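Dumped start_26.csv below, it's CSV, C-alpha atoms:
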chain,number,residue,atom,x,y,z
A,295,MET,CA,24.7,-26.2,-3.2
A,296,ALA,CA,24.4,-24.0,-0.2
A,297,LYS,CA,24.4,-20.2,-0.8
A,298,ASN,CA,25.2,-17.1,1.1
A,299,VAL,CA,21.9,-15.2,0.6
A,300,LEU,CA,21.4,-11.5,1.3
A,301,VAL,CA,17.8,-11.0,2.4
A,302,VAL,CA,16.9,-7.4,2.1
A,303,GLY,CA,13.9,-6.7,4.3
A,304,GLY,CA,14.6,-10.0,6.1
A,305,ALA,CA,13.0,-8.7,9.4
A,306,GLY,CA,9.6,-8.1,7.7
A,307,TYR,CA,6.7,-10.5,7.3
A,308,ILE,CA,7.5,-12.4,4.2
A,309,GLY,CA,11.3,-11.8,4.4
A,310,SER,CA,11.5,-13.3,7.9
A,311,HIS,CA,9.6,-16.4,6.8
A,312,CYS,CA,12.0,-16.7,3.8
A,313,VAL,CA,14.9,-16.5,6.2
A,314,ARG,CA,13.5,-19.4,8.2
A,315,GLN,CA,13.0,-21.5,5.1
A,316,LEU,CA,16.5,-20.7,3.8
A,317,ILE,CA,18.0,-22.0,7.1
A,318,LEU,CA,15.8,-25.2,6.9
A,319,SER,CA,17.1,-25.7,3.3
A,320,GLY,CA,20.7,-25.5,4.4
A,321,HIS,CA,21.5,-22.0,3.1
A,322,ARG,CA,23.1,-19.1,5.0
A,323,PRO,CA,20.9,-16.0,5.1
A,324,VAL,CA,22.4,-12.6,5.9
A,325,ILE,CA,19.7,-10.0,6.8
A,326,VAL,CA,19.7,-6.3,5.9
A,327,ASP,CA,16.8,-4.3,7.3
A,328,ASN,CA,16.4,-0.7,8.6
A,329,LEU,CA,13.6,-1.9,10.9
A,330,SER,CA,11.2,0.8,9.7
A,331,PHE,CA,8.6,-1.9,9.3
A,332,GLY,CA,10.5,-5.1,10.3
A,333,HIS,CA,11.1,-6.5,13.7
A,334,ARG,CA,14.5,-7.4,15.2
A,335,GLN,CA,12.7,-10.2,17.2
A,336,ALA,CA,11.9,-11.9,13.9
A,337,VAL,CA,15.6,-12.3,13.0
A,338,PRO,CA,17.1,-15.7,14.2
A,339,ALA,CA,20.1,-15.5,16.4
A,340,GLU,CA,22.3,-17.5,14.0
A,341,ALA,CA,21.8,-15.2,11.1
A,342,PRO,CA,24.1,-12.1,10.6
A,343,PHE,CA,22.0,-8.9,10.8
A,344,HIS,CA,22.9,-5.5,9.4
A,345,ASN,CA,20.7,-2.5,10.3
A,346,CYS,CA,21.2,-0.6,7.1
A,347,ASP,CA,19.4,1.4,4.5
A,348,LEU,CA,19.5,0.4,0.8
A,349,GLY,CA,20.4,3.9,0.0
A,350,ASP,CA,23.8,3.5,1.8
A,351,THR,CA,25.6,2.1,-1.2
A,352,GLU,CA,29.0,2.0,0.5
A,353,ALA,CA,27.6,-0.1,3.4
A,354,MET,CA,25.8,-2.4,1.0
A,355,ARG,CA,28.9,-2.9,-1.0
A,356,ALA,CA,30.9,-3.8,2.1
A,357,ILE,CA,28.2,-6.3,3.2
A,358,MET,CA,28.1,-7.8,-0.3
A,359,GLU,CA,31.9,-8.3,-0.3
A,360,ASN,CA,32.5,-9.2,3.4
A,361,GLU,CA,29.6,-11.7,3.6
A,362,ARG,CA,30.6,-13.3,0.3
A,363,ILE,CA,27.1,-13.0,-1.0
A,364,ASP,CA,26.0,-15.4,-3.8
A,365,LEU,CA,22.4,-14.3,-4.3
A,366,VAL,CA,20.1,-11.4,-3.2
A,367,MET,CA,16.4,-11.7,-2.2
A,368,HIS,CA,14.7,-8.4,-2.1
A,369,PHE,CA,11.6,-7.7,0.1
A,370,ALA,CA,12.2,-4.1,1.3
A,371,ALA,CA,9.4,-2.3,-0.4
A,372,PHE,CA,6.6,0.0,0.8
A,373,ALA,CA,3.3,-1.8,0.1
A,374,TYR,CA,0.4,0.4,1.0
A,375,VAL,CA,-1.6,1.0,-2.2
A,376,GLY,CA,-3.6,4.0,-0.9
A,377,GLU,CA,-0.5,5.6,0.5
A,378,SER,CA,1.3,5.2,-2.9
A,379,VAL,CA,-1.5,7.2,-4.5
A,380,GLU,CA,-1.2,10.0,-1.9
A,381,ASN,CA,2.6,10.0,-1.7
A,382,PRO,CA,4.0,8.6,-4.9
A,383,LEU,CA,7.5,10.1,-4.5
A,384,LYS,CA,7.9,8.0,-1.3
A,385,TYR,CA,7.2,4.9,-3.3
A,386,TYR,CA,9.3,5.8,-6.3
A,387,PHE,CA,12.3,6.6,-4.1
A,388,ASN,CA,12.1,3.5,-1.9
A,389,ASN,CA,10.7,0.9,-4.3
A,390,LEU,CA,12.4,1.9,-7.4
A,391,VAL,CA,15.4,4.2,-6.8
A,392,ALA,CA,16.7,2.3,-3.7
A,393,THR,CA,16.3,-1.0,-5.6
A,394,LEU,CA,18.3,0.4,-8.5
A,395,ASN,CA,21.0,1.3,-6.0
A,396,LEU,CA,21.0,-2.3,-4.8
A,397,LEU,CA,21.2,-3.6,-8.3
A,398,LYS,CA,24.1,-1.2,-9.1
A,399,VAL,CA,26.0,-2.5,-6.1
A,400,MET,CA,25.3,-6.1,-7.2
A,401,VAL,CA,26.7,-5.4,-10.7
A,402,GLU,CA,29.8,-3.7,-9.3
A,403,THR,CA,30.5,-6.5,-6.9
A,404,GLY,CA,29.9,-9.4,-9.3
A,405,VAL,CA,26.7,-10.7,-7.6
A,406,ARG,CA,24.6,-11.9,-10.5
A,407,GLN,CA,21.6,-13.7,-9.0
A,408,PHE,CA,18.5,-11.9,-7.8
A,409,VAL,CA,15.0,-12.9,-6.4
A,410,PHE,CA,12.5,-10.1,-6.4
A,411,SER,CA,9.3,-9.7,-4.4
A,412,SER,CA,6.8,-8.4,-7.0
A,413,THR,CA,3.1,-8.3,-6.9
A,414,CYS,CA,-0.2,-9.1,-8.8
A,415,ALA,CA,-0.8,-5.3,-8.7
A,416,THR,CA,1.4,-5.1,-11.8
A,417,TYR,CA,-1.6,-6.5,-13.8
A,418,GLY,CA,-4.0,-3.8,-12.7
A,419,ILE,CA,-7.6,-4.9,-13.3
A,420,PRO,CA,-7.4,-8.1,-15.4
A,421,ALA,CA,-9.6,-8.7,-18.4
A,422,SER,CA,-10.1,-12.3,-17.5
A,423,LEU,CA,-9.5,-14.8,-14.6
A,424,PRO,CA,-7.5,-16.6,-13.5
A,425,ILE,CA,-4.5,-14.4,-14.1
A,426,THR,CA,-1.6,-15.9,-16.1
A,427,GLU,CA,1.9,-14.4,-16.4
A,428,ASP,CA,1.4,-13.5,-20.1
A,429,MET,CA,-1.5,-11.2,-19.4
A,430,PRO,CA,-1.0,-7.4,-20.0
A,431,GLN,CA,0.4,-5.5,-17.1
A,432,HIS,CA,-1.3,-2.1,-16.6
A,433,PRO,CA,-0.9,-1.0,-12.9
A,434,ILE,CA,-3.5,1.3,-11.6
A,435,ASN,CA,-1.4,2.8,-8.7
A,436,PRO,CA,2.2,3.8,-8.1
A,437,TYR,CA,2.8,0.8,-5.9
A,438,GLY,CA,2.1,-1.6,-8.8
A,439,GLN,CA,4.0,0.7,-11.2
A,440,THR,CA,7.2,0.8,-9.2
A,441,LYS,CA,7.2,-3.1,-9.0
A,442,LEU,CA,6.7,-3.3,-12.8
A,443,ASP,CA,9.5,-0.7,-13.3
A,444,VAL,CA,11.9,-3.0,-11.4
A,445,GLU,CA,10.8,-6.0,-13.4
A,446,ASN,CA,11.6,-4.1,-16.6
A,447,ALA,CA,15.0,-3.0,-15.2
A,448,LEU,CA,15.8,-6.7,-14.5
A,449,LYS,CA,15.2,-7.5,-18.2
A,450,ALA,CA,17.6,-4.8,-19.2
A,451,LEU,CA,20.2,-5.9,-16.7
A,452,ALA,CA,20.0,-9.5,-17.9
A,453,HIS,CA,20.9,-8.4,-21.4
A,454,ALA,CA,23.6,-5.8,-20.3
A,455,HIS,CA,25.3,-7.6,-17.4
A,456,GLY,CA,24.2,-11.2,-17.4
A,457,LEU,CA,22.1,-10.7,-14.2
A,458,SER,CA,19.8,-13.7,-13.6
A,459,SER,CA,16.5,-12.9,-11.8
A,460,ALA,CA,13.2,-14.3,-10.8
A,461,SER,CA,10.2,-12.0,-10.0
A,462,PHE,CA,7.4,-13.5,-8.0
A,463,ARG,CA,4.0,-11.8,-8.4
A,464,TYR,CA,2.2,-12.5,-5.1
A,465,PHE,CA,-1.5,-12.5,-4.5
A,466,ASN,CA,-2.5,-12.3,-0.8
A,467,ALA,CA,0.2,-13.6,1.5
A,468,ALA,CA,-1.3,-15.0,4.7
A,469,GLY,CA,-0.7,-17.3,7.6
A,470,ALA,CA,2.2,-17.7,10.0
A,471,ALA,CA,5.2,-20.0,10.4
A,472,GLU,CA,4.4,-23.6,10.8
A,473,ASP,CA,6.3,-23.8,14.1
A,474,GLY,CA,4.6,-20.7,15.5
A,475,SER,CA,7.8,-18.7,15.7
A,476,LEU,CA,6.9,-16.0,13.2
A,477,GLY,CA,3.7,-14.2,12.2
A,478,GLU,CA,2.2,-11.1,10.8
A,479,ASP,CA,2.7,-7.8,12.7
A,480,HIS,CA,2.2,-4.6,10.6
A,481,ASN,CA,1.6,-1.1,11.8
A,482,PRO,CA,-0.7,0.0,10.3
A,483,GLU,CA,-2.4,-3.4,9.7
A,484,THR,CA,-4.3,-3.5,6.4
A,485,HIS,CA,-4.5,-7.2,5.7
A,486,LEU,CA,-7.9,-8.8,6.1
A,487,ILE,CA,-7.1,-11.9,8.1
A,488,PRO,CA,-5.2,-10.2,10.9
A,489,LEU,CA,-7.8,-7.5,11.0
A,490,VAL,CA,-10.5,-10.1,11.5
A,491,PHE,CA,-8.5,-11.6,14.3
A,492,GLN,CA,-8.2,-8.2,16.0
A,493,ALA,CA,-12.0,-7.9,15.8
A,494,ALA,CA,-12.4,-11.4,17.2
A,495,LEU,CA,-10.0,-10.6,20.1
A,496,GLY,CA,-11.7,-7.3,20.9
A,497,GLN,CA,-8.8,-5.2,19.8
A,498,ARG,CA,-11.0,-3.4,17.3
A,499,ASP,CA,-14.7,-2.7,17.4
A,500,HIS,CA,-15.6,-4.5,14.2
A,501,ILE,CA,-14.4,-5.6,10.8
A,502,SER,CA,-15.8,-3.7,7.8
A,503,ILE,CA,-17.0,-5.4,4.7
A,504,PHE,CA,-16.6,-2.9,1.8
A,505,GLY,CA,-19.2,-3.9,-0.8
A,506,THR,CA,-21.8,-6.6,-0.6
A,507,ASP,CA,-23.2,-6.3,-4.1
A,508,TYR,CA,-20.4,-7.6,-6.3
A,509,GLU,CA,-21.1,-10.2,-8.9
A,510,THR,CA,-19.6,-13.0,-6.8
A,511,PRO,CA,-21.3,-15.9,-5.0
A,512,ASP,CA,-22.0,-14.0,-1.8
A,513,GLY,CA,-21.7,-10.4,-3.0
A,514,THR,CA,-18.3,-9.7,-1.4
A,515,CYS,CA,-14.8,-9.5,-3.1
A,516,LEU,CA,-12.9,-12.6,-3.9
A,517,ARG,CA,-9.1,-12.8,-3.3
A,518,ASP,CA,-6.5,-15.5,-3.5
A,519,TYR,CA,-4.8,-16.3,-0.1
A,520,ILE,CA,-1.5,-18.1,-0.2
A,521,HIS,CA,0.4,-19.3,2.9
A,522,VAL,CA,3.6,-17.3,3.5
A,523,ASP,CA,5.7,-20.5,3.9
A,524,ASP,CA,4.5,-21.8,0.5
A,525,LEU,CA,5.6,-18.4,-0.9
A,526,SER,CA,8.9,-18.8,0.7
A,527,ARG,CA,9.6,-22.3,-0.6
A,528,ALA,CA,8.9,-21.1,-4.2
A,529,HIS,CA,11.6,-18.4,-3.8
A,530,ILE,CA,14.2,-21.1,-2.9
A,531,ALA,CA,13.0,-23.5,-5.6
A,532,VAL,CA,14.1,-21.1,-8.3
A,533,PHE,CA,17.8,-21.0,-7.2
A,534,ASP,CA,19.0,-23.7,-9.6
A,535,LYS,CA,17.5,-21.9,-12.6
A,536,LEU,CA,19.4,-18.7,-11.7
A,537,GLU,CA,22.7,-20.5,-12.3
A,538,THR,CA,22.2,-19.7,-16.0
A,539,PRO,CA,23.6,-16.2,-16.7
A,540,GLY,CA,21.2,-13.6,-18.0
A,541,SER,CA,18.1,-15.7,-17.3
A,542,THR,CA,14.9,-13.9,-16.4
A,543,TYR,CA,11.8,-15.5,-14.9
A,544,PHE,CA,8.3,-14.3,-13.8
A,545,TYR,CA,5.9,-16.4,-11.7
A,546,ASN,CA,2.5,-15.9,-10.2
A,547,LEU,CA,2.2,-17.3,-6.7
A,548,GLY,CA,-1.3,-18.0,-5.4
A,549,THR,CA,-3.5,-21.0,-4.8
A,550,GLY,CA,-5.9,-20.4,-7.7
A,551,THR,CA,-8.8,-20.9,-5.3
A,552,PRO,CA,-10.3,-17.5,-4.3
A,553,ALA,CA,-12.1,-16.9,-1.0
A,554,SER,CA,-14.6,-14.1,-0.3
A,555,VAL,CA,-14.5,-11.6,2.5
A,556,ARG,CA,-17.4,-13.4,4.1
A,557,GLU,CA,-15.7,-16.8,3.8
A,558,VAL,CA,-12.6,-15.4,5.5
A,559,ILE,CA,-14.7,-14.0,8.4
A,560,ASP,CA,-16.7,-17.3,8.7
A,561,THR,CA,-13.5,-19.3,8.7
A,562,VAL,CA,-11.9,-17.2,11.4
A,563,GLU,CA,-15.0,-17.6,13.6
A,564,LYS,CA,-14.8,-21.4,13.1
A,565,VAL,CA,-11.1,-21.6,13.8
A,566,CYS,CA,-11.0,-19.4,16.9
A,567,GLY,CA,-14.5,-20.1,18.3
A,568,LYS,CA,-15.3,-16.4,18.6
A,569,LYS,CA,-17.9,-14.2,17.0
A,570,VAL,CA,-16.6,-11.4,14.8
A,571,PRO,CA,-18.6,-8.1,14.8
A,572,VAL,CA,-19.2,-7.0,11.2
A,573,VAL,CA,-20.3,-3.7,9.7
A,574,GLU,CA,-21.3,-3.6,6.0
A,575,GLU,CA,-20.2,-0.5,4.1
A,576,GLY,CA,-20.1,0.7,0.5
A,577,ARG,CA,-17.6,-0.4,-2.1
A,578,ARG,CA,-14.1,1.1,-2.0
A,579,ALA,CA,-12.9,2.8,-5.2
A,580,GLY,CA,-10.5,0.6,-7.2
A,581,ASP,CA,-11.4,-2.8,-5.6
A,582,PRO,CA,-11.8,-5.4,-8.3
A,583,PRO,CA,-14.6,-7.9,-7.7
A,584,ALA,CA,-12.2,-10.8,-8.0
A,585,LEU,CA,-8.4,-11.5,-8.2
A,586,TYR,CA,-6.9,-15.0,-8.3
A,587,ALA,CA,-3.9,-16.6,-9.9
A,588,ASP,CA,-3.0,-19.4,-12.3
A,589,SER,CA,0.2,-20.6,-10.7
A,590,GLY,CA,0.7,-23.5,-13.1
A,591,LYS,CA,3.9,-22.1,-14.5
A,592,ALA,CA,5.6,-22.2,-11.1
A,593,LYS,CA,4.4,-25.7,-10.4
A,594,ARG,CA,5.6,-26.9,-13.8
A,595,GLU,CA,9.0,-25.2,-14.0
A,596,LEU,CA,10.0,-25.2,-10.3
A,597,GLY,CA,8.4,-28.5,-9.1
A,598,TRP,CA,6.7,-26.3,-6.5
A,599,GLU,CA,3.8,-27.9,-4.5
A,600,LEU,CA,1.4,-26.1,-2.3
A,601,GLN,CA,1.4,-27.5,1.2
A,602,TYR,CA,-1.6,-25.2,2.2
A,603,PRO,CA,-4.0,-25.3,-0.8
A,604,ASP,CA,-7.1,-24.5,1.4
A,605,LEU,CA,-8.0,-21.5,3.4
A,606,GLU,CA,-8.8,-23.1,6.8
A,607,PRO,CA,-5.3,-24.5,7.5
A,608,ILE,CA,-3.8,-21.2,6.5
A,609,ILE,CA,-6.0,-19.4,9.0
A,610,GLU,CA,-5.2,-22.0,11.7
A,611,THR,CA,-1.5,-21.1,11.5
A,612,ALA,CA,-2.3,-17.4,11.7
A,613,TRP,CA,-4.6,-17.9,14.7
A,614,ARG,CA,-1.9,-19.7,16.7
A,615,TRP,CA,0.4,-16.7,16.1
A,616,HIS,CA,-2.3,-14.1,17.0
A,617,ARG,CA,-3.5,-16.1,20.0
A,618,ASP,CA,0.0,-16.4,21.4
A,619,HIS,CA,1.2,-12.9,20.4
A,620,PRO,CA,-1.9,-10.6,20.8
A,621,SER,CA,0.4,-7.6,20.8
A,622,GLY,CA,2.6,-9.0,18.0
A,623,TYR,CA,6.4,-9.0,18.5
A,624,ALA,CA,5.9,-6.5,21.3
A,625,LYS,CA,4.8,-9.3,23.6
Could you spell out this file's structure in structure tokens?
Amino acid sequence: MAKNVLVVGGAGYIGSHCVRQLILSGHRPVIVDNLSFGHRQAVPAEAPFHNCDLGDTEAMRAIMENERIDLVMHFAAFAYVGESVENPLKYYFNNLVATLNLLKVMVETGVRQFVFSSTCATYGIPASLPITEDMPQHPINPYGQTKLDVENALKALAHAHGLSSASFRYFNAAGAAEDGSLGEDHNPETHLIPLVFQAALGQRDHISIFGTDYETPDGTCLRDYIHVDDLSRAHIAVFDKLETPGSTYFYNLGTGTPASVREVIDTVEKVCGKKVPVVEEGRRAGDPPALYADSGKAKRELGWELQYPDLEPIIETAWRWHRDHPSGYAK
């Protein structure tokens, strides 16, 4: 059944891709974004857009009622780990307090279905790999802690108010929309794949490899890169399960096949046909040697299938976006 879906942070990287997938699936997305990091150009013309802060509870209440919202998807978090350590209050107020305001408005307006963008950072440094949903969650930075705090609030709201929710713990979102209409445009950019493209295009002098002596096949860190459209499709696949009042779900989203920093650089060079200048540096504090997911639970329970299980096709979609939009949405 088609739903009116409020997409908070729907002009950002993952949010805008979810909006596109919602439209393709026959749903009606309504976007709320204050454009602090999102891009107005990423919002499709047919989707209602509200430039609004989550902290404006009266505006959020009016949107929830006037747009007849059935379900809320929440992507409006700050997500720079280092910044969260240096400025934790910024992260607690935005990622936790603002989210609690949103949930309060949902309870007051009778909206009882919620899809939350969580993170593998809630696990901290795992004792074993791959990471499964039942592993202990011990975040090592405020960013991961604020996401875990919201997950715990959702459990309490399920019991107290019958709120149904699904929290998706992402690994490394990557790639661009299959039709080339959307891509990754952050300021500052911290994600490896777009940074490597910038080095390939001469927009930065080089790409740094932080640590070449890890106990991994080539000495560099291993990470799990998942296509942003595969992420988005999982969010929609959970809708039917949220029809049961008070249900609470937690899912990892990754491919389960990690790629090293060197593999990413080599694949970018292969896809774009350009040499990437590299500088090897020492390890960064807090970087685990490897992080990758066991996403079997999402596959079993949601019927979710990866359309991009391999790194090269993911990078190919990203390259088409960066090649055609070298200045991002500013072009």
In Å and to one decimal, CA of Asp524 (chain A) is distant from CA of Glu599 (chain A) by 7.9 Å
With all atoms listed in the file as the basis for distance, which of A:Ala336, A:Leu536, A:Ile503, A:Leu525 is at the shortest distance from Leu600 (chain A)? A:Leu525
Around (-10.9, -11.3, 5.3), as given in the file, which residues come within 6 Å? Count only C-alpha atoms and list them as number ranges by chain. A: 486-487, 555, 558-559
Fewer than 2 positions away in the same chain doesn't count, so skip those; otherwise give me all residues within 9 Å of Tyr307 (chain A), counting only C-alpha atoms, as a compact mmCIF listing (two decimals) with C-alpha atoms, in the frame of the given file.
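Generated output (part-v8.txt):
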# COMPACT_ATOMS: atom_id res chain seq x y z
CA GLY A 303 13.90 -6.70 4.30
CA GLY A 304 14.60 -10.00 6.10
CA ALA A 305 13.00 -8.70 9.40
CA GLY A 309 11.30 -11.80 4.40
CA SER A 310 11.50 -13.30 7.90
CA HIS A 311 9.60 -16.40 6.80
CA CYS A 312 12.00 -16.70 3.80
CA GLY A 332 10.50 -5.10 10.30
CA HIS A 333 11.10 -6.50 13.70
CA ALA A 336 11.90 -11.90 13.90
CA ALA A 470 2.20 -17.70 10.00
CA LEU A 476 6.90 -16.00 13.20
CA GLY A 477 3.70 -14.20 12.20
CA GLU A 478 2.20 -11.10 10.80
CA ASP A 479 2.70 -7.80 12.70
CA HIS A 480 2.20 -4.60 10.60
CA VAL A 522 3.60 -17.30 3.50
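Of the listed residues A:Leu495, A:Thr403, A:Arg527, A:Leu516, the one whose atoms come nearest to Ser621 (chain A) is A:Leu495, with distances taken using only C-alpha atoms.
Atom to atom, CA of Tyr386 (chain A) and CA of Tyr374 (chain A) stand 12.7 Å apart.
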Closest of A:Glu445, A:Glu483, A:Asp604, A:Asp581 to His521 (chain A) - atom-to-atom distances counting all atoms listed in the file: A:Asp604
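Considering only C-alpha atoms, the residue among A:Gly580, A:Gly505, A:Gly320, A:Gly622 positioned nearest to Gln492 (chain A) is A:Gly622.
If you measure from each of A:Gly306, A:Gly376, A:Pro433, A:Pro482 to Ile325 (chain A) using all atoms listed in the file, the closest one turns out to be A:Gly306.
The smallest atom-to-atom distance between Lys297 (chain A) and any of A:Asp327, A:Asp364, A:Glu352, A:Asp523, using only C-alpha atoms, is found for A:Asp364.
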Reconstructed N, CA and C atoms for region 353-365 of chain A, given as a compact mmCIF listing (two decimals), keeping the file's coordinate frame:
# COMPACT_ATOMS: atom_id res chain seq x y z
N ALA A 353 27.86 0.98 2.46
CA ALA A 353 27.60 -0.10 3.40
C ALA A 353 27.11 -1.34 2.72
N MET A 354 26.25 -1.18 1.72
CA MET A 354 25.80 -2.40 1.00
C MET A 354 26.89 -3.05 0.24
N ARG A 355 27.80 -2.27 -0.32
CA ARG A 355 28.90 -2.90 -1.00
C ARG A 355 29.81 -3.65 -0.05
N ALA A 356 30.05 -3.10 1.13
CA ALA A 356 30.90 -3.80 2.10
C ALA A 356 30.21 -5.10 2.57
N ILE A 357 28.89 -5.05 2.80
CA ILE A 357 28.20 -6.30 3.20
C ILE A 357 28.26 -7.32 2.10
N MET A 358 28.05 -6.90 0.87
CA MET A 358 28.10 -7.80 -0.30
C MET A 358 29.42 -8.53 -0.36
N GLU A 359 30.51 -7.76 -0.14
CA GLU A 359 31.90 -8.30 -0.30
C GLU A 359 32.25 -9.13 0.97
N ASN A 360 32.03 -8.56 2.17
CA ASN A 360 32.50 -9.20 3.40
C ASN A 360 31.74 -10.48 3.70
N GLU A 361 30.46 -10.52 3.34
CA GLU A 361 29.60 -11.70 3.60
C GLU A 361 29.69 -12.72 2.46
N ARG A 362 30.45 -12.39 1.43
CA ARG A 362 30.60 -13.30 0.30
C ARG A 362 29.26 -13.71 -0.31
N ILE A 363 28.43 -12.73 -0.62
CA ILE A 363 27.10 -13.00 -1.00
C ILE A 363 27.03 -13.63 -2.44
N ASP A 364 26.21 -14.68 -2.57
CA ASP A 364 26.00 -15.40 -3.80
C ASP A 364 24.72 -14.92 -4.53
N LEU A 365 23.71 -14.58 -3.75
CA LEU A 365 22.40 -14.30 -4.30
C LEU A 365 21.68 -13.32 -3.37
